[in-house]
Each structure stands twice: as structure tokens, then as C-alpha cells.
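Structure file entry35.tsv with TSV, C-alpha atoms and all ligand atoms:
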```tsv
chain	number	residue	atom	x	y	z
W	174	MET	CA	-26.40	-7.81	-13.67
W	175	ASP	CA	-24.45	-9.47	-10.87
W	176	GLY	CA	-22.70	-6.34	-9.65
W	177	SER	CA	-19.31	-7.25	-11.11
W	178	ALA	CA	-17.43	-5.72	-14.03
W	179	LEU	CA	-19.57	-2.60	-14.22
W	180	PRO	CA	-18.85	-0.66	-17.42
W	181	LEU	CA	-17.54	2.41	-15.64
W	182	ASP	CA	-14.98	4.72	-17.17
W	183	LEU	CA	-12.63	4.80	-14.20
W	184	LYS	CA	-8.92	5.11	-14.78
W	185	ALA	CA	-7.21	5.77	-11.45
W	186	GLY	CA	-5.33	3.11	-9.50
W	187	PHE	CA	-7.24	0.95	-6.97
W	188	THR	CA	-10.40	1.13	-9.13
W	189	GLY	CA	-11.54	-1.57	-11.55
W	190	ALA	CA	-12.44	-4.51	-9.31
W	191	THR	CA	-14.23	-7.32	-11.11
W	192	VAL	CA	-15.44	-9.34	-8.10
W	193	ASP	CA	-19.01	-9.74	-7.02
W	194	ARG	CA	-18.75	-8.55	-3.40
W	195	ALA	CA	-21.36	-11.20	-2.52
W	196	ASP	CA	-23.09	-9.31	0.28
W	197	PRO	CA	-25.65	-12.11	0.90
W	198	VAL	CA	-22.81	-14.52	1.77
W	199	ARG	CA	-21.63	-12.14	4.50
W	200	HIS	CA	-25.00	-12.60	6.21
W	201	ASP	CA	-25.23	-16.38	5.75
W	202	PRO	CA	-22.88	-18.48	7.95
W	203	GLU	CA	-23.55	-21.67	5.95
W	204	ALA	CA	-22.80	-19.98	2.62
W	205	LEU	CA	-19.66	-18.45	4.13
W	206	ALA	CA	-18.46	-21.85	5.41
W	207	ALA	CA	-19.10	-23.31	1.95
W	208	ALA	CA	-17.10	-20.48	0.35
W	209	ILE	CA	-14.16	-21.11	2.72
W	210	ALA	CA	-14.30	-24.86	1.93
W	211	ASP	CA	-14.64	-24.29	-1.84
W	212	PRO	CA	-11.59	-25.84	-3.57
W	213	ARG	CA	-11.44	-22.78	-5.86
W	214	ALA	CA	-11.10	-20.40	-2.87
W	215	ARG	CA	-7.89	-18.37	-2.74
W	216	LEU	CA	-6.26	-16.22	-0.07
W	217	LEU	CA	-4.38	-12.99	-0.83
W	218	ALA	CA	-0.82	-13.39	0.52
W	219	LEU	CA	0.27	-10.36	2.54
W	220	ALA	CA	3.34	-9.37	4.54
W	221	GLY	CA	1.85	-7.05	7.12
W	222	LEU	CA	-0.23	-4.73	4.97
W	223	ASP	CA	1.92	-5.15	1.88
W	224	PRO	CA	1.46	-7.56	-1.04
W	225	VAL	CA	3.75	-10.54	-1.52
W	226	VAL	CA	5.04	-10.01	-5.06
W	227	ALA	CA	4.83	-13.06	-7.34
W	228	ALA	CA	7.47	-14.00	-9.92
W	229	ASP	CA	5.41	-12.37	-12.68
W	230	GLY	CA	5.23	-9.08	-10.78
W	231	GLY	CA	1.60	-9.60	-9.75
W	232	PHE	CA	0.02	-10.59	-6.46
W	233	THR	CA	0.44	-13.97	-4.75
W	234	TRP	CA	-2.75	-15.99	-4.17
W	235	VAL	CA	-2.44	-19.12	-2.00
W	236	GLY	CA	-4.70	-21.94	-0.79
W	237	MET	CA	-6.91	-21.38	2.23
W	238	HIS	CA	-4.80	-23.79	4.31
W	239	GLU	CA	-2.00	-21.21	4.21
W	240	ALA	CA	-3.94	-18.75	6.39
W	241	PRO	CA	-1.81	-17.89	9.45
W	242	ASP	CA	-2.69	-19.75	12.68
W	243	GLY	CA	-5.57	-18.05	14.45
W	244	ALA	CA	-6.24	-15.67	11.56
W	245	GLN	CA	-9.79	-14.57	10.80
W	246	LEU	CA	-11.00	-14.55	7.23
W	247	ILE	CA	-12.37	-11.58	5.29
W	248	LEU	CA	-14.46	-12.41	2.22
W	249	LEU	CA	-13.33	-10.01	-0.52
W	250	GLY	CA	-15.81	-11.41	-3.04
W	251	MET	CA	-16.35	-13.96	-5.81
W	252	GLU	CA	-14.22	-13.86	-8.97
W	253	ASP	CA	-16.12	-15.82	-11.61
W	254	GLY	CA	-17.69	-17.77	-8.75
W	255	ALA	CA	-14.36	-18.49	-7.02
W	256	PRO	CA	-14.15	-17.05	-3.48
W	257	ARG	CA	-11.36	-14.57	-2.74
W	258	PHE	CA	-10.27	-13.97	0.87
W	259	ALA	CA	-7.80	-12.00	2.94
W	260	ALA	CA	-6.69	-12.96	6.47
W	261	PHE	CA	-6.59	-10.74	9.56
W	262	ALA	CA	-4.03	-12.13	12.00
W	263	GLY	CA	-5.32	-10.18	14.99
W	264	ARG	CA	-2.36	-7.91	15.57
W	265	PRO	CA	-1.35	-4.51	14.23
W	266	PRO	CA	0.30	-5.13	10.84
W	267	GLN	CA	3.83	-3.81	10.45
W	268	GLY	CA	5.32	-2.58	7.21
W	269	PRO	CA	7.38	0.05	5.44
W	270	ALA	CA	6.07	3.61	5.31
W	271	ARG	CA	6.02	3.54	1.50
W	272	SER	CA	4.07	0.50	0.38
W	273	ILE	CA	5.59	-1.85	-2.20
W	274	ILE	CA	2.25	-1.56	-4.01
W	275	PHE	CA	3.54	1.58	-5.73
W	276	ARG	CA	6.23	-0.50	-7.45
W	277	MET	CA	3.55	-2.92	-8.76
W	278	ILE	CA	0.74	-0.55	-9.55
W	279	ASP	CA	1.54	0.03	-13.23
W	280	THR	CA	2.06	-3.65	-14.05
W	281	ALA	CA	0.02	-5.89	-11.71
W	282	PRO	CA	-3.54	-6.91	-12.76
W	283	ARG	CA	-5.83	-3.95	-12.21
W	284	ALA	CA	-8.64	-5.99	-10.64
W	285	ASP	CA	-6.18	-7.47	-8.11
W	286	ILE	CA	-4.92	-3.99	-7.19
W	287	ALA	CA	-8.52	-2.98	-6.45
W	288	LEU	CA	-9.08	-6.11	-4.32
W	289	TYR	CA	-5.84	-5.39	-2.48
W	290	ALA	CA	-7.13	-1.88	-1.69
W	291	ALA	CA	-10.19	-3.40	0.01
W	292	ALA	CA	-8.10	-5.97	1.88
W	293	ARG	CA	-5.56	-3.42	3.07
W	294	ALA	CA	-8.17	-0.94	4.30
W	295	LEU	CA	-10.17	-3.65	6.09
W	296	ILE	CA	-7.19	-5.31	7.80
W	297	ASP	CA	-5.88	-1.97	8.99
W	298	TRP	CA	-9.36	-1.07	10.30
W	299	HIS	CA	-9.72	-4.36	12.19
W	300	ALA	CA	-6.29	-3.89	13.76
W	301	ARG	CA	-7.30	-0.48	15.13
W	302	HIS	CA	-10.84	-1.36	16.28
W	303	GLY	CA	-10.37	-4.12	18.80
W	304	PHE	CA	-12.25	-2.12	21.42
W	305	CYS	CA	-15.77	-0.71	21.35
W	306	ALA	CA	-16.00	3.06	20.89
W	307	ASN	CA	-19.30	2.97	22.78
W	308	CYS	CA	-18.32	1.11	25.98
W	309	GLY	CA	-14.64	0.20	25.75
W	310	ALA	CA	-15.11	-3.60	25.83
W	311	THR	CA	-13.55	-5.94	23.27
W	312	THR	CA	-15.10	-6.32	19.82
W	313	ALA	CA	-15.17	-9.34	17.52
W	314	LEU	CA	-15.10	-9.62	13.72
W	315	PHE	CA	-18.45	-10.52	12.15
W	316	ARG	CA	-20.23	-10.42	8.78
W	317	ALA	CA	-17.33	-12.13	6.96
W	318	GLY	CA	-14.96	-9.35	8.01
W	319	TRP	CA	-17.15	-6.39	7.01
W	320	GLY	CA	-17.89	-5.32	10.58
W	321	ARG	CA	-17.11	-5.77	14.28
W	322	ARG	CA	-19.58	-6.29	17.10
W	323	CYS	CA	-19.03	-5.41	20.76
W	324	ASP	CA	-18.84	-8.45	23.05
W	325	THR	CA	-20.56	-6.53	25.86
W	326	CYS	CA	-23.04	-3.93	24.54
W	327	ASP	CA	-23.67	-5.49	21.08
W	328	THR	CA	-22.98	-2.23	19.25
W	329	GLU	CA	-22.09	-2.95	15.65
W	330	HIS	CA	-19.15	-1.09	14.07
W	331	PHE	CA	-18.52	-0.86	10.33
W	332	PRO	CA	-15.36	-0.05	8.33
W	333	ARG	CA	-14.74	3.65	7.84
W	334	VAL	CA	-14.32	5.45	4.54
W	335	ASP	CA	-12.89	8.96	4.92
W	336	PRO	CA	-13.87	11.34	2.09
W	337	VAL	CA	-11.19	13.67	0.71
W	338	VAL	CA	-11.85	16.25	-1.99
W	339	ILE	CA	-9.15	16.87	-4.59
W	340	MET	CA	-9.69	19.67	-7.03
W	341	LEU	CA	-8.43	21.86	-9.81
W	342	ALA	CA	-9.50	25.48	-9.59
W	343	GLU	CA	-10.12	26.85	-13.07
W	344	HIS	CA	-10.00	30.50	-14.18
W	345	ARG	CA	-10.04	31.75	-17.78
W	346	GLY	CA	-8.22	28.84	-19.38
W	347	ARG	CA	-5.76	28.18	-16.57
W	348	VAL	CA	-5.84	25.79	-13.60
W	349	LEU	CA	-4.34	26.08	-10.14
W	350	ILE	CA	-1.69	23.56	-9.06
W	351	GLY	CA	0.15	23.31	-5.78
W	352	ARG	CA	3.00	21.45	-4.17
W	353	GLN	CA	3.55	20.20	-0.64
W	354	PRO	CA	7.03	20.22	0.88
W	355	GLY	CA	7.35	16.41	0.72
W	356	PHE	CA	6.70	16.14	-3.03
W	357	PRO	CA	9.46	14.98	-5.39
W	358	PRO	CA	11.34	17.87	-7.08
W	359	GLY	CA	9.22	19.61	-9.71
W	360	ARG	CA	6.02	17.75	-8.82
W	361	TYR	CA	2.80	19.75	-8.54
W	362	SER	CA	-0.67	18.34	-8.09
W	363	ALA	CA	-4.27	19.31	-7.48
W	364	LEU	CA	-5.13	20.78	-4.06
W	365	ALA	CA	-6.83	18.41	-1.60
W	366	GLY	CA	-8.39	18.26	1.85
W	367	PHE	CA	-10.62	16.14	4.08
W	368	VAL	CA	-14.37	16.67	3.98
W	369	GLU	CA	-15.48	17.83	7.42
W	370	PRO	CA	-18.65	16.82	9.29
W	371	GLY	CA	-21.60	18.88	8.09
W	372	GLU	CA	-20.22	19.55	4.60
W	373	ALA	CA	-21.29	18.52	1.13
W	374	PHE	CA	-18.24	17.72	-0.95
W	375	GLU	CA	-18.91	20.80	-3.12
W	376	GLU	CA	-18.73	22.89	0.07
W	377	ALA	CA	-15.52	21.16	1.12
W	378	VAL	CA	-14.00	22.01	-2.28
W	379	ALA	CA	-14.94	25.67	-1.87
W	380	ARG	CA	-13.68	25.85	1.73
W	381	ASP	CA	-10.40	24.15	0.97
W	382	LEU	CA	-9.67	26.37	-2.05
W	383	TRP	CA	-10.37	29.42	0.08
W	384	GLU	CA	-8.25	28.22	3.03
W	385	GLU	CA	-5.25	27.03	1.00
W	386	ALA	CA	-5.20	29.51	-1.89
W	387	GLY	CA	-7.61	32.36	-1.07
W	388	VAL	CA	-9.75	31.80	-4.18
W	389	THR	CA	-13.56	31.81	-4.24
W	390	ALA	CA	-15.33	28.92	-5.98
W	391	THR	CA	-18.45	29.86	-7.95
W	392	ARG	CA	-19.26	26.46	-9.46
W	393	VAL	CA	-18.05	22.93	-8.62
W	394	ARG	CA	-18.43	19.87	-10.84
W	395	TYR	CA	-17.65	16.26	-10.01
W	396	ILE	CA	-15.24	14.30	-12.25
W	397	ALA	CA	-14.42	10.89	-10.69
W	398	SER	CA	-13.46	9.15	-7.44
W	399	GLN	CA	-10.83	6.71	-6.21
W	400	PRO	CA	-10.35	4.60	-3.09
W	401	TRP	CA	-7.01	5.40	-1.44
W	402	PRO	CA	-6.34	2.76	1.24
W	403	PHE	CA	-3.78	4.69	3.33
W	404	PRO	CA	-5.59	3.97	5.52
W	405	SER	CA	-9.15	4.45	4.28
W	406	SER	CA	-9.66	7.54	2.14
W	407	LEU	CA	-12.02	8.03	-0.77
W	408	MET	CA	-10.68	10.69	-3.13
W	409	ILE	CA	-13.45	12.79	-4.75
W	410	ALA	CA	-12.08	14.66	-7.75
W	411	CYS	CA	-13.70	17.92	-8.87
W	412	ILE	CA	-13.09	20.96	-11.04
W	413	ALA	CA	-14.10	24.31	-9.53
W	414	GLU	CA	-14.59	27.55	-11.42
W	415	VAL	CA	-13.32	30.45	-9.32
W	416	ALA	CA	-14.12	34.17	-9.32
W	417	ASP	CA	-10.61	35.54	-9.79
W	418	ASP	CA	-6.98	34.46	-9.89
W	419	ALA	CA	-5.44	36.40	-6.99
W	420	LEU	CA	-3.74	33.90	-4.65
W	421	THR	CA	-3.24	34.00	-0.88
W	422	ILE	CA	-1.26	30.84	-0.24
W	423	ASP	CA	-1.42	29.08	3.15
W	424	HIS	CA	2.21	28.10	3.59
W	425	HIS	CA	1.35	25.69	6.40
W	426	GLU	CA	-0.35	23.55	3.73
W	427	LEU	CA	1.46	24.40	0.52
W	428	GLU	CA	5.05	25.17	-0.37
W	429	ASP	CA	3.87	26.83	-3.57
W	430	ALA	CA	0.83	27.24	-5.80
W	431	ARG	CA	0.60	28.66	-9.32
W	432	TRP	CA	-1.67	28.97	-12.33
W	433	VAL	CA	-0.77	26.95	-15.42
W	434	THR	CA	-2.05	27.03	-18.99
W	435	ARG	CA	-3.35	24.17	-21.09
W	436	ASP	CA	0.01	23.91	-22.90
W	437	GLU	CA	1.86	23.81	-19.58
W	438	VAL	CA	-0.41	21.02	-18.30
W	439	THR	CA	0.07	19.09	-21.54
W	440	ALA	CA	3.85	19.38	-21.15
W	441	GLY	CA	3.68	18.41	-17.46
W	442	MET	CA	1.62	15.32	-18.24
W	443	ALA	CA	4.04	14.31	-21.01
W	444	GLU	CA	7.07	14.94	-18.74
W	445	ALA	CA	8.36	17.05	-21.63
W	446	GLU	CA	11.74	18.74	-21.46
W	447	GLY	CA	11.31	22.27	-20.17
W	448	ALA	CA	7.92	21.53	-18.57
W	449	VAL	CA	7.20	24.00	-15.77
W	450	PHE	CA	6.00	21.17	-13.51
W	451	LEU	CA	5.78	17.39	-13.37
W	452	ALA	CA	2.25	15.97	-13.13
W	453	PRO	CA	1.36	13.16	-10.69
W	454	PRO	CA	1.71	9.54	-11.89
W	455	ALA	CA	-1.07	7.82	-13.84
W	456	TYR	CA	-2.40	5.87	-10.84
W	457	ALA	CA	-3.17	9.11	-8.93
W	458	ILE	CA	-6.60	10.61	-9.46
W	459	ALA	CA	-4.97	14.03	-9.83
W	460	HIS	CA	-3.67	12.65	-13.14
W	461	THR	CA	-7.25	11.77	-14.10
W	462	LEU	CA	-8.27	15.32	-13.20
W	463	PHE	CA	-5.67	16.87	-15.48
W	464	GLU	CA	-6.70	14.47	-18.27
W	465	ALA	CA	-10.36	15.38	-17.79
W	466	TRP	CA	-9.61	19.09	-17.91
W	467	LEU	CA	-7.48	18.74	-21.06
W	468	ALA	CA	-10.26	16.70	-22.70
W	469	GLU	CA	-12.88	19.31	-21.78
W	470	THR	CA	-10.84	22.21	-23.07
W	471	GLY	CA	-9.35	20.51	-26.14
R	501	ZN	ZN	-19.62	-1.88	23.54
```
For the file at hand, write its structure as C-alpha cells.
Ligand SMILES: [Zn+2]
Amino acid sequence: MDGSALPLDLKAGFTGATVDRADPVRHDPEALAAAIADPRARLLALAGLDPVVAADGGFTWVGMHEAPDGAQLILLGMEDGAPRFAAFAGRPPQGPARSIIFRMIDTAPRADIALYAAARALIDWHARHGFCANCGATTALFRAGWGRRCDTCDTEHFPRVDPVVIMLAEHRGRVLIGRQPGFPPGRYSALAGFVEPGEAFEEAVARDLWEEAGVTATRVRYIASQPWPFPSSLMIACIAEVADDALTIDHHELEDARWVTRDEVTAGMAEAEGAVFLAPPAYAIAHTLFEAWLAETG
């Protein structure tokens, strides 16, 4: 087992990488130099934080010589032994608020989308961590782009992953869906919130359901997870059984929340005419959650 192509049943977008992340190479300057010099090495072309779309609708991979002047290289991993890199140009990346990735996500190669998620999250992190949180001095990229070290106090800093729970509350054959004001018309999704310091994710699920909808979780089960590189979230999808169905909606968080039946979820997922809501797109882990619940209750 080389760590690549694990037989995991993950469906959501940004999962499904097939690279060996090659952690030993990150710690070995000679191996890293050899990877950079490898004629099979390729660099992910980016415009700011966004992909450069190729003619076939996929990502653009270029030779290492096309790295921008002064850019630092991030080793994304080895694809069948061929090194894959991204470049950090040392300045805050600019780009549209809505990434072009969402126009590619249903058609581009899944493994490349997952590699892009890593590249995007890392580049954004480097751009925002040029100074040491311990002493305020400048930091420098190290470990092939998987960390930064302070130039003055030697503190090592590592890329953040911010856990977010996303959950369906379940009560007697119905699940709770909600919508935020910015959603497209008709769209409802699972409720979600950041995990706070000092919480297990099961506790975060229970707290968030109580805060947003006034329901009390009695049992929480994990379904799946998904990296969400905007900028660095990890979505942790759960189903929570709750004690009763009376709702107290926090309208600072939600425009609306409602209980829906299995048939209503089936119609929402199929975008059927007359559906009482539209489910999130297939790349969103909320979609996976609805699928999992339908499979469990079918
Ligand atoms: Zn420092």
C-alpha cells in the first residue's frame, strides 16, 4: 500500500485524490530537488487561486520552467511516480468571489479537482501567514510547502484545517432542512456550523442544532467528510436523531427551516416538478448526506 488510490467510498467534490503525498520527500532536500528536476514533473497552472481551464475542460498542467519568477514550489505529491507541484508567488492571490472551479467540478478529472483543493488551500494559507503568530517576524516556506518557519524564533507553523459540522436532524421519518438568505431560490440544505475549541464534533452537531433550530440531539452518527478549500474547511457530515420536532429558528442564521419526508427529499434530489425544495448539487456533501439518509431509510 503506497497511500494512493485508497478504496474509499467518497462521493463529494474535492475528494478522490490518487497521488501519493510523498511525505518523506518533504523532509529530504535532495529528493525534493530531484523531484523538481524530474522531466515528468508538472506544475498546476493557476490564475490567482483559480484553475486555468484547458481546452478539454480540465485543468492545465505545465512544465516546471513555467513557474512564475521568484515563485516557491509546493509538492502536491506523486502521480504514478511523476511529481505534481503548485507554485506560490509570494503575494496575496486575487480572484473572483465565486471560483471558476464550480463550472468545472462536474466534468474535470476528479483526482485533479482533489489536488486543486490542496493547492488552493495551501497557497491561500501561505499568502496569509507571512508573519509569525508567536513573535511577529517574517516566516519562510519549508517542508516542500507544507509548513512555514519563523526566521527569528524558529517556531514552525503548519497549514490549518478548520472543521465544520454539517448535519441532518432526523425525527420519525422526516429530516430537517434549512436555507440561508444567500441561497438560490428554492434551495434548502443541511444545517452547518464551525466546530468550536473544546468540542467533539458530535457535541458541535448537538450545539448547532439547538442554536439554529431549537432541537435536542439524542444520538449523532458520522456519515462522511469533504475538504472545502474556501479557504480551509473540512466538512464533517452527520445525521442526528432528535427528541422532538418543535422548531425555534434562529433567523440570524437561517431564513427558514422545515421538516421534509422521504418522498419530498427524493423529489428534491431529482429536481422533480412540484418538489417542495431543491437539494444541493452533487459535489456538495449535503447531497451525500441526503443520499445516505435515503439509502438508510429505503
Ligand atoms: Zn517567530
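The gap separating atom CA of Thr312 of chain W from atom CA of Trp298 of chain W is 12.3 Å, in Å to one decimal.
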### Task
Select the residues contacting ligand ZN 501 (chain R) at a distance of at most 9 Å, based on only C-alpha atoms and all ligand atoms, then format the selection as a PyMOL selection string.
chain W and resi 304-312+322-329
### Protein/DNA/RNA residues near (-11.0, 30.4, -14.4), cut 12 Å, only C-alpha atoms, as a ChimeraX atom specification
/W:341-349,388-393,412-419,432-435,466,470
### Message
For segment 277-291 of chain W, find every residue with an atom within 9 Å (counting all atoms listed in the file), except residues of its own chain fewer than 2 positions away, and show them as an MDAnalysis selection string.
### Response
chainID W and resid 186:192 217 223:224 226 229:232 249:250 257 259 273:275 293:296 400:403 405 455:456
#### Entry: Close residues, Gly268 of chain W itself excluded, 9 Å, only C-alpha atoms, min 5 positions apart in chain, as a ChimeraX atom specification
/W:220-223
### Task
Tell me which of W:Gly303, W:Gly243, W:Pro197, W:Pro453 sits closest to Ser362 of chain W, counting all atoms listed in the file.
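Counting all atoms listed in the file, the residue closest to Ser362 of chain W is W:Pro453.
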